[in-house]
file entry39.csv (CSV, C-alpha atoms)
chain,number,residue,atom,x,y,z
A,125,MET,CA,-20.3,-23.1,12.1
A,126,SER,CA,-18.8,-20.8,14.7
A,127,VAL,CA,-15.7,-18.8,14.1
A,128,ALA,CA,-13.8,-20.6,16.9
A,129,ARG,CA,-14.7,-24.0,15.4
A,130,PHE,CA,-13.7,-22.9,11.9
A,131,LEU,CA,-10.3,-21.6,13.1
A,132,THR,CA,-9.6,-24.8,15.0
A,133,ARG,CA,-10.5,-27.3,12.4
A,134,THR,CA,-8.3,-30.3,12.0
A,135,ALA,CA,-7.5,-32.8,9.2
A,136,GLY,CA,-9.9,-35.6,8.5
A,137,ASN,CA,-13.6,-36.0,8.5
A,138,CYS,CA,-16.0,-35.2,11.4
A,139,GLU,CA,-15.4,-38.7,12.9
A,140,THR,CA,-11.6,-38.9,12.7
A,141,ALA,CA,-10.7,-35.2,13.3
A,142,GLN,CA,-10.8,-35.3,17.1
A,143,ARG,CA,-7.4,-33.9,18.0
A,144,PHE,CA,-4.5,-32.0,16.6
A,145,GLY,CA,-1.9,-34.0,14.8
A,146,LEU,CA,1.5,-33.1,13.4
A,147,GLN,CA,-0.1,-32.2,10.0
A,148,ASP,CA,-2.4,-29.7,11.8
A,149,VAL,CA,0.4,-28.2,13.8
A,150,LEU,CA,2.5,-27.6,10.6
A,151,ALA,CA,-0.4,-26.2,8.7
A,152,TYR,CA,-1.5,-23.7,11.4
A,153,GLY,CA,2.2,-22.8,12.0
A,154,TYR,CA,2.7,-22.1,8.4
A,155,LEU,CA,-0.5,-20.0,8.2
A,156,VAL,CA,0.4,-18.0,11.4
A,157,LEU,CA,3.9,-17.3,10.1
A,158,GLY,CA,2.5,-16.1,6.8
A,159,VAL,CA,0.0,-13.8,8.5
A,160,LEU,CA,2.7,-12.4,10.8
A,161,MET,CA,5.1,-11.7,7.9
A,162,ILE,CA,2.3,-9.7,6.1
A,163,LEU,CA,0.7,-8.0,9.0
A,164,VAL,CA,3.6,-7.1,11.3
A,165,PRO,CA,5.2,-4.5,8.9
A,166,VAL,CA,1.8,-3.0,8.2
A,167,LEU,CA,0.8,-2.8,11.9
A,168,TRP,CA,4.3,-1.4,12.7
A,169,THR,CA,3.8,1.4,10.1
A,170,LEU,CA,0.3,2.1,11.4
A,171,PHE,CA,1.3,2.4,15.1
A,172,SER,CA,4.5,4.4,14.2
A,173,SER,CA,2.5,6.9,12.1
A,174,ILE,CA,0.6,8.0,15.2
A,175,LYS,CA,3.7,8.6,17.3
A,176,SER,CA,5.3,12.0,17.8
A,177,GLU,CA,8.1,13.3,15.7
A,178,THR,CA,10.5,12.9,18.6
A,179,ALA,CA,9.5,9.3,19.2
A,180,VAL,CA,9.9,8.4,15.5
A,181,ASP,CA,13.3,10.1,15.1
A,182,SER,CA,14.5,8.3,18.3
A,183,PHE,CA,13.4,4.9,16.9
A,184,ASP,CA,11.1,4.3,19.8
A,185,THR,CA,10.0,0.7,19.4
A,186,ARG,CA,7.3,0.7,22.1
A,187,LEU,CA,3.9,-0.1,20.8
A,188,LEU,CA,1.9,2.7,22.5
A,189,PRO,CA,2.3,6.3,21.1
A,190,LEU,CA,4.0,7.7,24.3
A,191,SER,CA,5.0,11.4,24.1
A,192,GLN,CA,6.9,13.5,26.6
A,193,VAL,CA,4.8,16.1,28.3
A,194,THR,CA,5.8,19.7,28.1
A,195,ALA,CA,4.8,22.8,30.2
A,196,GLU,CA,5.1,26.5,29.7
A,197,ILE,CA,7.6,27.8,32.2
A,198,GLU,CA,7.6,31.6,33.0
A,199,GLY,CA,10.8,33.1,31.7
A,200,ALA,CA,12.0,29.9,30.1
A,201,GLY,CA,9.4,29.1,27.5
A,202,GLU,CA,8.0,25.6,26.9
A,203,LYS,CA,10.1,22.9,28.5
A,204,PRO,CA,9.8,19.1,28.5
A,205,LEU,CA,9.0,17.6,31.9
A,206,TRP,CA,11.0,14.9,33.7
A,207,VAL,CA,10.3,12.7,36.7
A,208,LEU,CA,12.9,13.0,39.5
A,209,THR,CA,13.0,10.0,41.8
A,210,GLU,CA,14.6,10.6,45.2
A,211,GLU,CA,14.3,8.4,48.2
A,212,GLY,CA,11.2,6.7,46.7
A,213,GLN,CA,9.5,10.1,46.1
A,214,GLU,CA,8.7,11.4,42.6
A,215,ARG,CA,8.4,15.0,41.5
A,216,LEU,CA,8.1,16.8,38.2
A,217,VAL,CA,11.1,18.9,37.2
A,218,PHE,CA,12.5,20.5,34.0
A,219,LYS,CA,16.1,20.9,33.0
A,220,ALA,CA,17.7,24.2,33.9
A,221,GLY,CA,20.9,23.4,32.0
A,222,PRO,CA,22.5,20.9,29.6
A,223,THR,CA,22.3,17.2,30.2
A,224,ARG,CA,25.4,16.0,32.0
A,225,ARG,CA,26.3,13.3,34.4
A,226,ILE,CA,25.1,15.7,37.1
A,227,THR,CA,22.3,17.7,35.6
A,228,GLU,CA,20.7,20.9,36.9
A,229,VAL,CA,17.0,20.7,37.2
A,230,SER,CA,14.2,22.9,38.7
A,231,PRO,CA,11.0,21.6,40.3
A,232,LEU,CA,7.8,22.5,38.4
A,233,ASP,CA,6.2,23.9,41.5
A,234,ASP,CA,9.3,26.0,42.4
A,235,PRO,CA,11.0,27.1,39.1
A,236,ASP,CA,13.5,29.4,40.9
A,237,THR,CA,15.1,26.5,42.8
A,238,VAL,CA,18.0,24.7,41.0
A,239,LEU,CA,18.9,21.2,42.0
A,240,GLU,CA,21.9,19.1,40.9
A,241,VAL,CA,20.9,15.5,40.5
A,242,PRO,CA,22.4,12.4,38.8
A,243,ARG,CA,21.2,11.9,35.3
A,244,ASP,CA,20.1,8.3,35.9
A,245,GLN,CA,17.5,9.6,38.4
A,246,LEU,CA,15.6,11.3,35.7
A,247,ARG,CA,13.1,9.7,33.3
A,248,PRO,CA,10.7,11.4,30.8
A,249,HIS,CA,7.3,12.3,32.0
A,250,GLU,CA,5.2,10.7,29.3
A,251,GLU,CA,1.6,10.3,28.3
A,252,ILE,CA,-0.3,8.5,25.6
A,253,ARG,CA,-1.0,11.0,22.8
A,254,ILE,CA,-2.0,10.2,19.2
A,255,ALA,CA,-0.1,12.5,16.9
A,256,THR,CA,-2.9,13.5,14.6
A,257,GLU,CA,-0.7,16.3,13.2
A,258,ASN,CA,1.2,13.6,11.2
A,259,TYR,CA,-1.9,13.3,9.1
A,260,LEU,CA,-3.4,16.7,9.3
A,261,ASP,CA,-0.3,18.8,8.6
A,262,PRO,CA,0.4,17.4,5.0
A,263,ILE,CA,-3.3,17.2,4.1
A,264,LEU,CA,-4.2,20.7,5.4
A,265,LYS,CA,-0.8,22.2,4.5
A,266,ARG,CA,-0.1,23.2,8.1
A,267,ASN,CA,3.3,23.6,9.9
A,268,GLY,CA,5.2,24.6,6.8
A,269,GLN,CA,4.0,21.7,4.6
A,270,THR,CA,2.8,23.9,1.8
A,271,THR,CA,4.6,22.1,-1.0
A,272,PHE,CA,2.8,18.8,-0.5
A,273,ASP,CA,-0.5,19.1,-2.4
A,274,PHE,CA,-2.3,16.0,-1.2
A,275,PHE,CA,-5.5,16.4,-3.1
A,276,THR,CA,-3.7,17.0,-6.4
A,277,TYR,CA,-1.5,13.9,-5.9
A,278,LEU,CA,-4.6,11.9,-4.8
A,279,TRP,CA,-6.5,12.9,-8.0
A,280,ASN,CA,-3.5,12.1,-10.2
A,281,SER,CA,-3.1,8.6,-8.5
A,282,VAL,CA,-6.8,7.8,-8.8
A,283,PHE,CA,-7.0,8.9,-12.4
A,284,VAL,CA,-3.9,6.9,-13.4
A,285,THR,CA,-5.0,3.8,-11.5
A,286,VAL,CA,-8.6,3.8,-12.8
A,287,ALA,CA,-7.8,4.7,-16.4
A,288,ALA,CA,-4.9,2.3,-16.6
A,289,THR,CA,-7.0,-0.5,-15.0
A,290,LEU,CA,-9.9,-0.1,-17.4
A,291,ILE,CA,-7.7,0.1,-20.5
A,292,THR,CA,-5.7,-2.9,-19.2
A,293,LEU,CA,-8.8,-5.0,-18.7
A,294,LEU,CA,-10.2,-4.1,-22.2
A,295,ILE,CA,-7.0,-4.7,-24.2
A,296,ASN,CA,-6.0,-7.9,-22.3
A,297,ALA,CA,-9.5,-9.3,-22.6
A,298,MET,CA,-9.6,-8.7,-26.3
A,299,ALA,CA,-6.2,-10.3,-26.8
A,300,ALA,CA,-7.1,-13.3,-24.6
A,301,PHE,CA,-10.4,-13.7,-26.5
A,302,ALA,CA,-8.6,-13.9,-29.8
A,303,LEU,CA,-5.9,-16.3,-28.5
A,304,SER,CA,-8.4,-18.6,-26.8
A,305,LYS,CA,-11.4,-18.7,-29.2
A,306,TYR,CA,-10.1,-18.2,-32.7
A,307,ARG,CA,-8.2,-20.8,-34.7
A,308,PHE,CA,-5.3,-19.4,-36.8
A,309,ARG,CA,-1.8,-20.3,-37.7
A,310,GLY,CA,0.8,-19.2,-35.1
A,311,ARG,CA,-1.7,-18.9,-32.2
A,312,LEU,CA,0.4,-20.9,-29.8
A,313,THR,CA,3.6,-19.2,-31.0
A,314,PHE,CA,2.1,-15.8,-30.2
A,315,THR,CA,1.0,-17.0,-26.8
A,316,ILE,CA,4.4,-18.3,-26.0
A,317,LEU,CA,6.0,-15.0,-27.1
A,318,ILE,CA,3.7,-13.0,-24.9
A,319,VAL,CA,4.4,-15.2,-21.9
A,320,ALA,CA,8.1,-15.1,-22.7
A,321,THR,CA,8.2,-11.3,-22.3
A,322,LEU,CA,7.7,-11.9,-18.5
A,323,LEU,CA,11.4,-13.0,-18.6
A,324,ILE,CA,12.5,-9.5,-19.6
A,325,PRO,CA,13.3,-7.3,-16.6
A,326,PRO,CA,11.3,-4.0,-16.8
A,327,SER,CA,14.5,-1.9,-16.3
A,328,ILE,CA,15.9,-3.1,-19.6
A,329,ILE,CA,13.1,-1.6,-21.7
A,330,LEU,CA,12.9,1.8,-19.8
A,331,VAL,CA,15.1,3.6,-22.4
A,332,SER,CA,13.1,2.3,-25.4
A,333,LEU,CA,9.9,3.0,-23.6
A,334,PHE,CA,11.1,6.6,-22.9
A,335,PHE,CA,11.8,7.2,-26.6
A,336,VAL,CA,8.4,5.9,-27.5
A,337,VAL,CA,6.6,8.1,-25.1
A,338,TRP,CA,8.7,11.1,-26.2
A,339,SER,CA,8.0,10.4,-29.9
A,340,PHE,CA,4.2,10.3,-29.3
A,341,GLY,CA,4.3,13.6,-27.4
A,342,ILE,CA,2.9,12.4,-24.1
A,343,PHE,CA,6.1,12.8,-22.0
A,344,GLY,CA,5.3,14.8,-18.9
A,345,SER,CA,1.6,13.8,-19.2
A,346,LEU,CA,-0.4,11.3,-17.1
A,347,TRP,CA,-1.2,9.4,-20.3
A,348,GLY,CA,2.5,8.8,-20.6
A,349,VAL,CA,2.2,6.7,-17.4
A,350,ILE,CA,-1.1,5.0,-18.4
A,351,ILE,CA,-0.6,3.9,-22.0
A,352,PRO,CA,2.8,2.1,-22.0
A,353,ALA,CA,1.7,-0.4,-19.4
A,354,ALA,CA,-1.8,-0.9,-20.7
A,355,ALA,CA,-1.2,-4.4,-22.1
A,356,THR,CA,0.4,-6.9,-19.7
A,357,PRO,CA,1.5,-10.4,-20.5
A,358,THR,CA,0.3,-11.6,-17.1
A,359,GLY,CA,-3.2,-10.3,-17.8
A,360,VAL,CA,-3.3,-11.8,-21.3
A,361,PHE,CA,-2.2,-15.2,-20.0
A,362,LEU,CA,-4.5,-15.2,-17.0
A,363,LEU,CA,-7.6,-14.3,-19.1
A,364,ARG,CA,-6.7,-16.6,-21.9
A,365,GLN,CA,-6.5,-19.6,-19.6
A,366,TYR,CA,-9.8,-18.7,-18.0
A,367,MET,CA,-11.6,-18.1,-21.4
A,368,LEU,CA,-10.4,-21.6,-22.6
A,369,THR,CA,-12.9,-23.0,-20.0
A,370,ILE,CA,-15.9,-21.2,-21.7
A,371,PRO,CA,-17.7,-23.7,-24.0
A,372,ASP,CA,-17.3,-22.9,-27.7
A,373,GLU,CA,-20.9,-24.1,-28.1
A,374,LEU,CA,-22.1,-20.9,-26.5
A,375,LEU,CA,-20.3,-18.8,-29.0
A,376,GLU,CA,-21.5,-20.9,-31.9
A,377,ALA,CA,-25.1,-20.6,-30.7
A,378,ALA,CA,-24.7,-16.8,-30.6
A,379,ARG,CA,-23.2,-16.8,-34.2
A,380,MET,CA,-26.2,-18.8,-35.4
A,381,ASP,CA,-28.4,-16.1,-33.9
A,382,ALA,CA,-26.5,-13.5,-36.1
A,383,ALA,CA,-24.6,-12.0,-33.2
A,384,SER,CA,-21.5,-10.1,-34.2
A,385,GLU,CA,-18.1,-10.9,-32.8
A,386,TRP,CA,-18.1,-7.8,-30.7
A,387,LEU,CA,-21.5,-8.6,-29.3
A,388,ILE,CA,-20.3,-12.1,-28.5
A,389,PHE,CA,-17.2,-10.7,-26.7
A,390,TRP,CA,-19.1,-8.1,-24.8
A,391,ARG,CA,-22.3,-9.9,-23.9
A,392,ILE,CA,-21.1,-13.5,-23.4
A,393,VAL,CA,-17.4,-13.7,-22.9
A,394,MET,CA,-16.9,-10.7,-20.6
A,395,PRO,CA,-19.7,-11.6,-18.1
A,396,LEU,CA,-18.5,-15.2,-17.9
A,397,SER,CA,-14.9,-14.0,-17.4
A,398,LEU,CA,-15.9,-11.7,-14.5
A,399,PRO,CA,-14.0,-13.7,-11.8
A,400,ALA,CA,-10.8,-13.6,-13.8
A,401,LEU,CA,-11.3,-9.9,-14.7
A,402,SER,CA,-11.7,-9.1,-11.0
A,403,VAL,CA,-8.4,-10.8,-10.1
A,404,LEU,CA,-6.7,-8.9,-12.9
A,405,ALA,CA,-8.3,-5.7,-11.7
A,406,ILE,CA,-6.9,-6.2,-8.2
A,407,LEU,CA,-3.4,-6.8,-9.6
A,408,SER,CA,-3.7,-3.9,-11.9
A,409,VAL,CA,-4.8,-1.5,-9.1
A,410,ILE,CA,-1.8,-2.6,-7.0
A,411,TRP,CA,0.6,-2.2,-9.9
A,412,ARG,CA,-0.6,1.2,-10.9
A,413,TRP,CA,-1.1,2.6,-7.5
A,414,ASN,CA,2.3,1.6,-6.1
A,415,ASP,CA,4.3,2.3,-9.3
A,416,PHE,CA,7.1,4.7,-8.6
A,417,LEU,CA,10.0,4.4,-11.1
A,418,TRP,CA,8.1,4.9,-14.4
A,419,PRO,CA,6.0,7.9,-13.1
A,420,LEU,CA,9.2,9.4,-11.8
A,421,ILE,CA,10.8,9.3,-15.2
A,422,VAL,CA,7.8,10.6,-17.1
A,423,LEU,CA,6.5,13.2,-14.6
A,424,ILE,CA,9.6,14.5,-13.0
A,425,SER,CA,9.5,17.8,-14.9
A,426,ASP,CA,6.0,18.7,-13.7
A,427,PRO,CA,5.3,18.5,-9.9
A,428,THR,CA,1.6,19.2,-10.5
A,429,LYS,CA,1.3,15.8,-12.3
A,430,HIS,CA,3.0,13.8,-9.5
A,431,THR,CA,1.2,10.9,-7.9
A,432,LEU,CA,1.1,10.1,-4.2
A,433,GLN,CA,4.1,7.9,-4.4
A,434,LEU,CA,6.1,10.7,-6.0
A,435,GLY,CA,4.7,13.2,-3.5
A,436,LEU,CA,6.1,11.2,-0.6
A,437,THR,CA,9.6,12.0,-1.8
A,438,GLN,CA,9.1,15.6,-0.7
A,439,PHE,CA,9.5,14.6,2.9
A,440,ALA,CA,12.9,13.1,2.3
A,441,GLY,CA,15.6,15.7,2.1
A,442,GLU,CA,19.3,15.6,1.6
A,443,PHE,CA,20.2,16.1,5.2
A,444,ASN,CA,16.9,15.4,7.0
A,445,SER,CA,13.8,13.4,6.5
A,446,ASP,CA,10.3,13.8,8.0
A,447,PHE,CA,9.7,10.1,8.7
A,448,HIS,CA,6.6,10.8,10.8
A,449,TYR,CA,4.9,12.4,7.7
A,450,ILE,CA,6.2,9.6,5.5
A,451,LEU,CA,4.7,6.9,7.7
A,452,ALA,CA,1.4,8.7,8.0
A,453,MET,CA,1.0,9.3,4.3
A,454,THR,CA,2.1,5.8,3.6
A,455,VAL,CA,-0.8,4.6,5.7
A,456,VAL,CA,-3.2,6.9,3.8
A,457,THR,CA,-2.0,5.4,0.5
A,458,LEU,CA,-2.8,1.9,1.8
A,459,ILE,CA,-6.4,2.7,2.3
A,460,PRO,CA,-7.6,2.7,-1.3
A,461,ILE,CA,-5.9,-0.5,-2.2
A,462,THR,CA,-7.4,-2.2,0.9
A,463,LEU,CA,-10.9,-1.0,0.0
A,464,VAL,CA,-10.5,-2.3,-3.6
A,465,PHE,CA,-9.3,-5.7,-2.3
A,466,VAL,CA,-12.1,-6.0,0.2
A,467,TRP,CA,-14.6,-5.2,-2.6
A,468,LEU,CA,-13.2,-7.6,-5.2
A,469,GLN,CA,-11.7,-10.4,-3.0
A,470,ARG,CA,-14.8,-12.5,-3.1
A,471,PHE,CA,-14.1,-13.1,-6.8
A,472,ILE,CA,-10.6,-14.5,-6.2
A,473,THR,CA,-11.8,-17.9,-5.0
A,474,THR,CA,-14.5,-18.0,-7.6
A,475,GLY,CA,-12.0,-17.2,-10.3
A,476,ILE,CA,-9.8,-20.1,-9.3
A,477,ALA,CA,-12.4,-22.7,-8.4
A,478,THR,CA,-15.0,-22.1,-11.1
A,479,THR,CA,-15.2,-22.3,-14.9
A,480,GLY,CA,-17.1,-20.6,-17.6
A,481,LEU,CA,-20.0,-23.0,-17.1
A,482,LYS,CA,-20.9,-21.4,-13.8

call {"tool": "encode", "arguments": {"input": "entry39.csv", "output": "structure tokens"}}
result
Amino acid sequence: MSVARFLTRTAGNCETAQRFGLQDVLAYGYLVLGVLMILVPVLWTLFSSIKSETAVDSFDTRLLPLSQVTAEIEGAGEKPLWVLTEEGQERLVFKAGPTRRITEVSPLDDPDTVLEVPRDQLRPHEEIRIATENYLDPILKRNGQTTFDFFTYLWNSVFVTVAATLITLLINAMAAFALSKYRFRGRLTFTILIVATLLIPPSIILVSLFFVVWSFGIFGSLWGVIIPAAATPTGVFLLRQYMLTIPDELLEAARMDAASEWLIFWRIVMPLSLPALSVLAILSVIWRWNDFLWPLIVLISDPTKHTLQLGLTQFAGEFNSDFHYILAMTVVTLIPITLVFVWLQRFITTGIATTGLK
């Protein structure tokens, strides 16, 4: 099936789906609206990140990264160039004085001549230029960006995300295995209590969580960010519901072959739960990578332990913010999550549509 045919499929079977109906229009309209709501902010961030600092600060909404051309003028230094339109003729000029209703300009080919022209006859002389400095300055510590240690922040973010995801998968899978395959009094009650914790806003437990981290001596450490969020009620519930579809006969057969409970969990349950584990891994990576508030509380005293999300705050000052750097580094932080999603997305449909028998 071709891509065009797949994207234009209509409701019904091959014999009845000959033309678009109201149901098809509503379905495609809903899908297009959803795609635009997700992609437009991302694309706007991407295109804005390659614009010059002047264009970003002036809220230039044009799609192309247009930047005003400058030229070195003898005796005046570097000046931005303008296009003067007179009687249908255009010539390059630079401003020889402040911008007023009647502005003094000098032609680029005759810098000693000063002309007085209406301001509305001038327009910036622009060209398309990708502002690679938005990316290279923070990463390579150029142009005064010495406090932004990109590779340290990247390592901290990767370590926190990978370690927290692995621990989350292990702990949640063990809890889900016990709640789905063992029969004991209060199993349903424990499950309901775990799911009920989703109703508690995270901000309510921040103070209690802070005292726990402080008591264990991991405040100011990356482990203080990793450990408190290791067990998630969402992950336990997701994995438990999936493990319920795994036939108990497989586990009983393994026990008859003298397999230990740990061996059953590791060699049977975990491989069969791979689709659900992949979905939880995607969610965990997104949660840990984008987390800001809790790392800010735990790691605020040590800048060398900051993650990328905390490092972006260095570009936002009290009186001025470097939005061109913020946009560029935001695009950089989107790359790892995108790669993880592309790698694991094939398991999402499998995790929803299949069972442990597959």

call {"tool": "residues_around", "arguments": {"input": "entry39.csv", "residues": "Leu208 in chain A", "least_positions_apart": "5", "cutoff": "6 Å", "atoms": "only C-alpha atoms", "output": "PyMOL selection string"}}
result
chain A and resi 214-215+245-246

call {"tool": "closest_residue", "arguments": {"input": "entry39.csv", "among": "A:Val360, A:Ile459, A:Leu232, A:Leu216", "to": "Glu198 in chain A", "atoms": "all atoms listed in the file"}}
result
A:Leu232

call {"tool": "atom_distance", "arguments": {"input": "entry39.csv", "atom1": "CA of Thr437 in chain A", "atom2": "CA of Thr462 in chain A"}}
result
22.3 Å

call {"tool": "residues_around", "arguments": {"input": "entry39.csv", "residues": "Asn414 in chain A", "least_positions_apart": "2", "cutoff": "12 Å", "atoms": "only C-alpha atoms", "output": "list in words"}}
result
Ser281, Val282, Val284, Thr285, Leu407, Ser408, Val409, Ile410, Trp411, Arg412, Phe416, Leu417, Trp418, Pro419, Leu420, Thr431, Leu432, Gln433, Leu434, Leu436, Thr454, Thr457, Leu458, Pro460 and Ile461 of chain A

call {"tool": "residues_near_point", "arguments": {"input": "entry39.csv", "point": "(-3.0, -10.7, -12.7)", "cutoff": "7 Å", "atoms": "all atoms listed in the file", "output": "list in words"}}
result
Thr358, Gly359, Leu362, Val403, Leu404, Leu407 and Ser408 of chain A

call {"tool": "write_last_selection", "arguments": {"input": "entry39.csv", "atoms": "C-alpha atoms", "output": "JSON list (two decimals), in the coordinates of the input"}}
result
[["chain", "number", "residue", "atom", "x", "y", "z"],
["A", 358, "THR", "CA", 0.30, -11.60, -17.10],
["A", 359, "GLY", "CA", -3.20, -10.30, -17.80],
["A", 362, "LEU", "CA", -4.50, -15.20, -17.00],
["A", 403, "VAL", "CA", -8.40, -10.80, -10.10],
["A", 404, "LEU", "CA", -6.70, -8.90, -12.90],
["A", 407, "LEU", "CA", -3.40, -6.80, -9.60],
["A", 408, "SER", "CA", -3.70, -3.90, -11.90]]

call {"tool": "atom_distance", "arguments": {"input": "entry39.csv", "atom1": "CA of Lys203 in chain A", "atom2": "CA of Ala220 in chain A"}}
result
9.4 Å

call {"tool": "atom_distance", "arguments": {"input": "entry39.csv", "atom1": "CA of Leu303 in chain A", "atom2": "CA of Asp381 in chain A"}}
result
23.1 Å

call {"tool": "residues_around", "arguments": {"input": "entry39.csv", "residues": "range 323-340 of chain A", "least_positions_apart": "4", "cutoff": "10 Å", "atoms": "all atoms listed in the file", "output": "MDAnalysis selection string"}}
result
chainID A and resid 318:319 344:345 347:349 351:353 417:418 421:422

call {"tool": "residues_near_point", "arguments": {"input": "entry39.csv", "point": "(23.0, 16.2, 38.4)", "cutoff": "6 Å", "atoms": "only C-alpha atoms", "output": "PyMOL selection string"}}
result
chain A and resi 225-228+240-243

call {"tool": "closest_residue", "arguments": {"input": "entry39.csv", "among": "A:Leu294, A:Ile388, A:Leu170, A:Val180", "to": "Ser445 in chain A", "atoms": "only C-alpha atoms"}}
result
A:Val180

call {"tool": "closest_residue", "arguments": {"input": "entry39.csv", "among": "A:Leu451, A:Ile174, A:Leu150, A:Met394", "to": "Arg253 in chain A", "atoms": "all atoms listed in the file"}}
result
A:Ile174
